[in-house]
$ cat model37.cif   # mmCIF, C-alpha atoms
data_final
#
loop_
_atom_site.label_atom_id
_atom_site.label_comp_id
_atom_site.auth_asym_id
_atom_site.auth_seq_id
_atom_site.Cartn_x
_atom_site.Cartn_y
_atom_site.Cartn_z
CA MET A 1 72.02 85.03 100.56
CA THR A 2 74.10 85.83 103.66
CA THR A 3 77.63 87.24 103.90
CA VAL A 4 79.96 86.68 106.86
CA SER A 5 83.59 87.59 107.45
CA LEU A 6 85.90 85.13 109.15
CA PHE A 7 88.57 86.13 111.68
CA LYS A 8 91.30 84.07 113.40
CA ASP A 9 93.00 85.42 116.53
CA GLY A 10 91.31 88.73 115.77
CA ARG A 11 92.76 89.02 112.26
CA PHE A 12 90.59 89.11 109.16
CA CYS A 13 90.89 85.95 107.04
CA HIS A 14 88.13 85.62 104.47
CA VAL A 15 84.61 86.57 103.33
CA VAL A 16 82.05 83.82 102.75
CA ALA A 17 78.75 84.43 100.98
CA GLY A 18 75.95 82.08 100.03
CA PRO A 19 72.76 80.39 101.21
CA ASP A 20 72.56 79.84 104.97
CA THR A 21 71.81 76.12 104.78
CA TYR A 22 74.42 75.07 102.22
CA VAL A 23 77.26 77.53 102.76
CA ILE A 24 77.12 79.69 105.88
CA LYS A 25 76.00 77.20 108.56
CA PRO A 26 78.42 74.42 107.49
CA THR A 27 81.29 76.91 107.24
CA LEU A 28 80.66 78.38 110.69
CA ALA A 29 80.20 74.91 112.22
CA ASN A 30 83.76 74.03 111.12
CA TRP A 31 85.39 77.43 111.60
CA GLU A 32 87.74 77.59 114.60
CA GLY A 33 87.82 81.36 114.87
CA GLN A 34 85.51 84.33 115.18
CA TRP A 35 83.09 85.65 112.62
CA ALA A 36 80.92 88.70 111.99
CA GLU A 37 77.96 89.17 109.72
CA GLY A 38 78.80 91.42 106.77
CA ARG A 39 81.67 92.01 104.39
CA TYR A 40 84.91 93.22 106.00
CA ASP A 41 88.56 93.37 104.93
CA ASP A 42 91.98 93.49 106.59
CA SER A 43 91.39 97.06 107.81
CA TRP A 44 89.11 95.44 110.41
CA TRP A 45 89.80 93.17 113.37
CA PHE A 46 87.62 91.15 115.71
CA TYR A 47 87.84 92.32 119.30
CA GLY A 48 85.44 92.33 122.24
CA GLY A 49 82.92 90.16 120.43
CA GLN A 50 82.58 92.35 117.33
CA ALA A 51 84.31 93.54 114.17
CA ARG A 52 86.02 96.89 114.69
CA GLN A 53 88.05 99.15 112.43
CA ARG A 54 91.75 98.89 113.17
CA PRO A 55 93.18 102.12 114.64
CA ALA A 56 95.54 104.30 112.61
CA CYS A 57 99.26 103.98 113.28
CA PRO A 58 100.07 106.41 116.11
CA VAL A 59 103.65 107.09 114.93
CA VAL A 60 104.54 110.60 113.76
CA ALA A 61 107.64 111.30 111.64
CA GLU A 62 109.54 114.47 112.60
CA GLY A 63 112.68 114.90 110.54
CA LEU A 64 114.80 111.79 111.13
CA THR A 65 112.80 110.72 114.20
CA LEU A 66 109.82 108.37 114.44
CA CYS A 67 107.90 109.59 117.50
CA GLY A 68 105.59 107.38 119.55
CA VAL A 69 106.63 103.96 118.27
CA ARG A 70 104.78 101.28 120.25
CA PRO A 71 106.84 98.55 121.98
CA GLY A 72 107.05 95.43 119.82
CA SER A 73 106.74 97.35 116.55
CA ASN A 74 108.51 96.29 113.39
CA ILE A 75 110.18 99.05 111.35
CA ALA A 76 110.95 98.32 107.70
CA ILE A 77 113.40 100.62 105.93
CA GLU A 78 113.50 100.00 102.20
CA GLY A 79 112.39 96.41 102.89
CA GLN A 80 114.98 95.69 105.63
CA GLN A 81 113.21 94.71 108.88
CA TYR A 82 114.13 95.99 112.34
CA GLU A 83 112.36 94.98 115.54
CA CYS A 84 111.73 97.77 118.02
CA THR A 85 111.14 95.97 121.32
CA GLU A 86 111.35 99.05 123.55
CA GLY A 87 109.23 101.53 121.60
CA GLY A 88 109.41 105.28 122.21
CA ASP A 89 111.07 107.77 119.88
CA VAL A 90 113.34 106.17 117.29
CA GLU A 91 116.22 108.18 115.81
CA LEU A 92 116.93 107.12 112.22
CA SER A 93 120.35 107.33 110.63
CA PHE A 94 121.33 106.51 107.08
CA GLN A 95 124.67 105.95 105.42
CA TYR A 96 123.74 107.93 102.30
CA PRO A 97 121.62 111.01 101.58
CA GLY A 98 118.36 110.38 99.80
CA THR A 99 114.70 109.54 100.22
CA TYR A 100 113.78 106.44 102.21
CA GLU A 101 110.46 104.61 102.48
CA ILE A 102 109.68 103.50 106.03
CA THR A 103 106.84 101.24 107.21
CA VAL A 104 105.93 100.77 110.87
CA THR A 105 103.90 97.65 111.73
CA ARG A 106 102.32 96.86 115.10
CA TRP A 107 99.13 94.82 115.46
CA PRO A 108 96.32 95.83 115.72
CA TYR A 109 97.26 99.23 114.24
CA LEU A 110 97.15 99.79 110.51
CA ASP A 111 100.62 99.98 108.97
CA GLY A 112 102.14 103.45 109.00
CA SER A 113 103.99 104.52 105.84
CA TYR A 114 106.47 107.40 105.87
CA THR A 115 108.80 109.01 103.36
CA ILE A 116 111.94 110.27 105.12
CA GLU A 117 114.42 112.61 103.47
CA ASN A 118 118.02 112.22 104.61
CA PRO A 119 119.74 115.44 103.54
CA PRO A 120 123.32 115.56 102.28
CA PRO A 121 125.89 116.74 104.84
CA ALA A 122 126.27 120.51 105.18
CA GLU A 123 129.33 121.91 103.44
#
$ encode --input "model37.cif" --output "structure tokens"
Amino acid sequence: MTTVSLFKDGRFCHVVAGPDTYVIKPTLANWEGQWAEGRYDDSWWFYGGQARQRPACPVVAEGLTLCGVRPGSNIAIEGQQYECTEGGDVELSFQYPGTYEITVTRWPYLDGSYTIENPPPAE
């Protein structure tokens, strides 16, 4: 029994396991992407001819600023998507005080998840 993981454009797609003759060889003969022997998941990508762990999101949250956002990132605030084409440090502003869940997505990095507290105005 052999196990291979299938990747398309570097992204993990599926794991296939079974006998070489009846499952693996026919699957790989028809697969139009990359593959690696072994069982991987979406925390891996295929790059430079091998499966590699995706790097951690490099963004750091400091107060109401996301520091080090990569160009082309997508920032989701409470599910609302914002494209960040320029990258750099992103100043966040919110209409209301409260706690906000932020997700930063930029392939091939793993998604970064942040909880940002927007304090009430000083009196």
$ resolve_selection --input "model37.cif" --expression "the PyMOL selection byres ((chain A and resi 98-110) around 6)" --output "PyMOL selection string"
chain A and resi 54-57+73-78+97+111-118
$ resolve_selection --input "model37.cif" --expression "the PyMOL selection byres ((chain A and resi 10) around 8)" --output "ChimeraX atom specification"
/A:7-9,11-12,34,45-47
$ write_last_selection --input "model37.cif" --atoms "C-alpha atoms" --output "PDB file, in the frame of the given file"
ATOM      1  CA  PHE A   7      88.570  86.130 111.680  1.00  0.00           C
ATOM      2  CA  LYS A   8      91.300  84.070 113.400  1.00  0.00           C
ATOM      3  CA  ASP A   9      93.000  85.420 116.530  1.00  0.00           C
ATOM      4  CA  ARG A  11      92.760  89.020 112.260  1.00  0.00           C
ATOM      5  CA  PHE A  12      90.590  89.110 109.160  1.00  0.00           C
ATOM      6  CA  GLN A  34      85.510  84.330 115.180  1.00  0.00           C
ATOM      7  CA  TRP A  45      89.800  93.170 113.370  1.00  0.00           C
ATOM      8  CA  PHE A  46      87.620  91.150 115.710  1.00  0.00           C
ATOM      9  CA  TYR A  47      87.840  92.320 119.300  1.00  0.00           C
TER      10      TYR A  47
END
$ axis_aligned_box --input "model37.cif" --around "segment 63-81 of chain A" --padding-each-side "3 Å" --output "lines of an AutoDock Vina configuration file"
center_x = 109.9
center_y = 104.8
center_z = 112.1
size_x = 16.2
size_y = 26.2
size_z = 25.8
$ residues_around --input "model37.cif" --residues "Ser5 of chain A" --least-positions-apart "2" --cutoff "6 Å" --atoms "all atoms listed in the file" --output "list in words"
His14, Val15, Trp35, Ala36, Arg39 and Tyr40 of chain A
$ write_last_selection --input "model37.cif" --atoms "C-alpha atoms" --output "short mmCIF file (atom, residue, chain, number, x, y, z; two decimals), in the frame of the given file"
data_model
loop_
_atom_site.label_atom_id
_atom_site.label_comp_id
_atom_site.auth_asym_id
_atom_site.auth_seq_id
_atom_site.Cartn_x
_atom_site.Cartn_y
_atom_site.Cartn_z
CA HIS A 14 88.13 85.62 104.47
CA VAL A 15 84.61 86.57 103.33
CA TRP A 35 83.09 85.65 112.62
CA ALA A 36 80.92 88.70 111.99
CA ARG A 39 81.67 92.01 104.39
CA TYR A 40 84.91 93.22 106.00
#
$ closest_residue --input "model37.cif" --among "A:Asp20, A:Glu86, A:Glu32, A:Asp41" --to "Thr3 of chain A" --atoms "only C-alpha atoms"
A:Asp20
$ atom_distance --input "model37.cif" --atom1 "atom CA of Ala61 of chain A" --atom2 "atom CA of Gly87 of chain A"
14.0 Å
$ atom_distance --input "model37.cif" --atom1 "atom CA of Leu66 of chain A" --atom2 "atom CA of Val90 of chain A"
5.0 Å
$ closest_residue --input "model37.cif" --among "A:Arg70, A:Tyr82, A:Leu64, A:Asp42" --to "Phe94 of chain A" --atoms "all atoms listed in the file"
A:Leu64
$ atom_distance --input "model37.cif" --atom1 "atom CA of Ala29 of chain A" --atom2 "atom CA of Gln50 of chain A"
18.3 Å
$ closest_residue --input "model37.cif" --among "A:Gly18, A:Gly33, A:Gly79, A:Pro120" --to "Leu6 of chain A" --atoms "all atoms listed in the file"
A:Gly33
$ closest_residue --input "model37.cif" --among "A:Ala17, A:Pro26, A:Tyr96, A:Gly48" --to "Pro121 of chain A" --atoms "all atoms listed in the file"
A:Tyr96
$ closest_residue --input "model37.cif" --among "A:Thr21, A:Ser93, A:Asn30, A:Gln80" --to "Met1 of chain A" --atoms "only C-alpha atoms"
A:Thr21
$ closest_residue --input "model37.cif" --among "A:Ile24, A:Cys13, A:Gly72, A:Glu62" --to "Trp44 of chain A" --atoms "only C-alpha atoms"
A:Cys13
$ build_atoms --input "model37.cif" --residues "segment 14-25 of chain A" --atoms "all heavy atoms" --output "PDB file, in the coordinates of the input"
ATOM      1  N   HIS A  14      88.842  85.921 105.704  1.00  0.00           N
ATOM      2  CA  HIS A  14      88.130  85.620 104.470  1.00  0.00           C
ATOM      3  C   HIS A  14      86.672  86.066 104.573  1.00  0.00           C
ATOM      4  O   HIS A  14      86.123  86.146 105.662  1.00  0.00           O
ATOM      5  CB  HIS A  14      88.194  84.105 104.221  1.00  0.00           C
ATOM      6  CG  HIS A  14      87.823  83.679 102.850  1.00  0.00           C
ATOM      7  ND1 HIS A  14      88.614  83.926 101.758  1.00  0.00           N
ATOM      8  CD2 HIS A  14      86.739  83.030 102.382  1.00  0.00           C
ATOM      9  CE1 HIS A  14      88.023  83.427 100.676  1.00  0.00           C
ATOM     10  NE2 HIS A  14      86.891  82.886 101.037  1.00  0.00           N
ATOM     11  N   VAL A  15      86.051  86.291 103.405  1.00  0.00           N
ATOM     12  CA  VAL A  15      84.610  86.570 103.330  1.00  0.00           C
ATOM     13  C   VAL A  15      83.943  85.362 102.694  1.00  0.00           C
ATOM     14  O   VAL A  15      84.442  84.803 101.714  1.00  0.00           O
ATOM     15  CB  VAL A  15      84.326  87.835 102.476  1.00  0.00           C
ATOM     16  CG1 VAL A  15      82.836  88.019 102.255  1.00  0.00           C
ATOM     17  CG2 VAL A  15      84.921  89.064 103.133  1.00  0.00           C
ATOM     18  N   VAL A  16      82.828  84.942 103.281  1.00  0.00           N
ATOM     19  CA  VAL A  16      82.050  83.820 102.750  1.00  0.00           C
ATOM     20  C   VAL A  16      80.631  84.321 102.495  1.00  0.00           C
ATOM     21  O   VAL A  16      80.034  84.962 103.358  1.00  0.00           O
ATOM     22  CB  VAL A  16      82.021  82.642 103.753  1.00  0.00           C
ATOM     23  CG1 VAL A  16      81.165  81.509 103.227  1.00  0.00           C
ATOM     24  CG2 VAL A  16      83.423  82.163 104.066  1.00  0.00           C
ATOM     25  N   ALA A  17      80.119  84.021 101.318  1.00  0.00           N
ATOM     26  CA  ALA A  17      78.750  84.430 100.980  1.00  0.00           C
ATOM     27  C   ALA A  17      78.033  83.263 100.338  1.00  0.00           C
ATOM     28  O   ALA A  17      78.625  82.478  99.598  1.00  0.00           O
ATOM     29  CB  ALA A  17      78.772  85.626 100.030  1.00  0.00           C
ATOM     30  N   GLY A  18      76.737  83.142 100.628  1.00  0.00           N
ATOM     31  CA  GLY A  18      75.950  82.080 100.030  1.00  0.00           C
ATOM     32  C   GLY A  18      74.706  81.797 100.852  1.00  0.00           C
ATOM     33  O   GLY A  18      74.424  82.484 101.839  1.00  0.00           O
ATOM     34  N   PRO A  19      73.965  80.768 100.462  1.00  0.00           N
ATOM     35  CA  PRO A  19      72.760  80.390 101.210  1.00  0.00           C
ATOM     36  C   PRO A  19      73.133  79.894 102.610  1.00  0.00           C
ATOM     37  O   PRO A  19      74.127  79.187 102.787  1.00  0.00           O
ATOM     38  CB  PRO A  19      72.155  79.263 100.380  1.00  0.00           C
ATOM     39  CG  PRO A  19      72.843  79.299  99.051  1.00  0.00           C
ATOM     40  CD  PRO A  19      74.161  79.956  99.264  1.00  0.00           C
ATOM     41  N   ASP A  20      72.311  80.245 103.584  1.00  0.00           N
ATOM     42  CA  ASP A  20      72.560  79.840 104.970  1.00  0.00           C
ATOM     43  C   ASP A  20      72.743  78.329 105.108  1.00  0.00           C
ATOM     44  O   ASP A  20      73.711  77.861 105.707  1.00  0.00           O
ATOM     45  CB  ASP A  20      71.394  80.270 105.877  1.00  0.00           C
ATOM     46  CG  ASP A  20      71.485  81.734 106.272  1.00  0.00           C
ATOM     47  OD1 ASP A  20      72.584  82.310 106.201  1.00  0.00           O
ATOM     48  OD2 ASP A  20      70.443  82.296 106.653  1.00  0.00           O
ATOM     49  N   THR A  21      71.823  77.563 104.568  1.00  0.00           N
ATOM     50  CA  THR A  21      71.810  76.120 104.780  1.00  0.00           C
ATOM     51  C   THR A  21      73.004  75.417 104.157  1.00  0.00           C
ATOM     52  O   THR A  21      73.582  74.520 104.771  1.00  0.00           O
ATOM     53  CB  THR A  21      70.512  75.518 104.199  1.00  0.00           C
ATOM     54  OG1 THR A  21      69.415  76.192 104.807  1.00  0.00           O
ATOM     55  CG2 THR A  21      70.419  74.034 104.478  1.00  0.00           C
ATOM     56  N   TYR A  22      73.400  75.815 102.950  1.00  0.00           N
ATOM     57  CA  TYR A  22      74.420  75.070 102.220  1.00  0.00           C
ATOM     58  C   TYR A  22      75.824  75.650 102.325  1.00  0.00           C
ATOM     59  O   TYR A  22      76.795  74.947 102.064  1.00  0.00           O
ATOM     60  CB  TYR A  22      74.026  74.966 100.739  1.00  0.00           C
ATOM     61  CG  TYR A  22      72.706  74.278 100.550  1.00  0.00           C
ATOM     62  CD1 TYR A  22      71.591  74.983 100.161  1.00  0.00           C
ATOM     63  CD2 TYR A  22      72.576  72.913 100.821  1.00  0.00           C
ATOM     64  CE1 TYR A  22      70.360  74.353 100.011  1.00  0.00           C
ATOM     65  CE2 TYR A  22      71.354  72.279 100.679  1.00  0.00           C
ATOM     66  CZ  TYR A  22      70.249  72.998 100.272  1.00  0.00           C
ATOM     67  OH  TYR A  22      69.040  72.375 100.139  1.00  0.00           O
ATOM     68  N   VAL A  23      75.932  76.908 102.716  1.00  0.00           N
ATOM     69  CA  VAL A  23      77.260  77.530 102.760  1.00  0.00           C
ATOM     70  C   VAL A  23      77.596  78.072 104.150  1.00  0.00           C
ATOM     71  O   VAL A  23      78.593  77.679 104.747  1.00  0.00           O
ATOM     72  CB  VAL A  23      77.362  78.669 101.707  1.00  0.00           C
ATOM     73  CG1 VAL A  23      78.710  79.374 101.804  1.00  0.00           C
ATOM     74  CG2 VAL A  23      77.157  78.134 100.302  1.00  0.00           C
ATOM     75  N   ILE A  24      76.776  78.969 104.650  1.00  0.00           N
ATOM     76  CA  ILE A  24      77.120  79.690 105.880  1.00  0.00           C
ATOM     77  C   ILE A  24      77.138  78.772 107.106  1.00  0.00           C
ATOM     78  O   ILE A  24      78.142  78.712 107.828  1.00  0.00           O
ATOM     79  CB  ILE A  24      76.165  80.884 106.104  1.00  0.00           C
ATOM     80  CG1 ILE A  24      76.211  81.844 104.897  1.00  0.00           C
ATOM     81  CG2 ILE A  24      76.497  81.607 107.400  1.00  0.00           C
ATOM     82  CD1 ILE A  24      77.561  82.421 104.584  1.00  0.00           C
ATOM     83  N   LYS A  25      76.053  78.054 107.367  1.00  0.00           N
ATOM     84  CA  LYS A  25      76.000  77.200 108.560  1.00  0.00           C
ATOM     85  C   LYS A  25      77.086  76.138 108.573  1.00  0.00           C
ATOM     86  O   LYS A  25      77.752  75.955 109.595  1.00  0.00           O
ATOM     87  CB  LYS A  25      74.608  76.604 108.725  1.00  0.00           C
ATOM     88  CG  LYS A  25      73.589  77.627 109.173  1.00  0.00           C
ATOM     89  CD  LYS A  25      72.205  77.028 109.338  1.00  0.00           C
ATOM     90  CE  LYS A  25      71.211  78.113 109.757  1.00  0.00           C
ATOM     91  NZ  LYS A  25      69.845  77.610 109.830  1.00  0.00           N
TER      92      LYS A  25
END
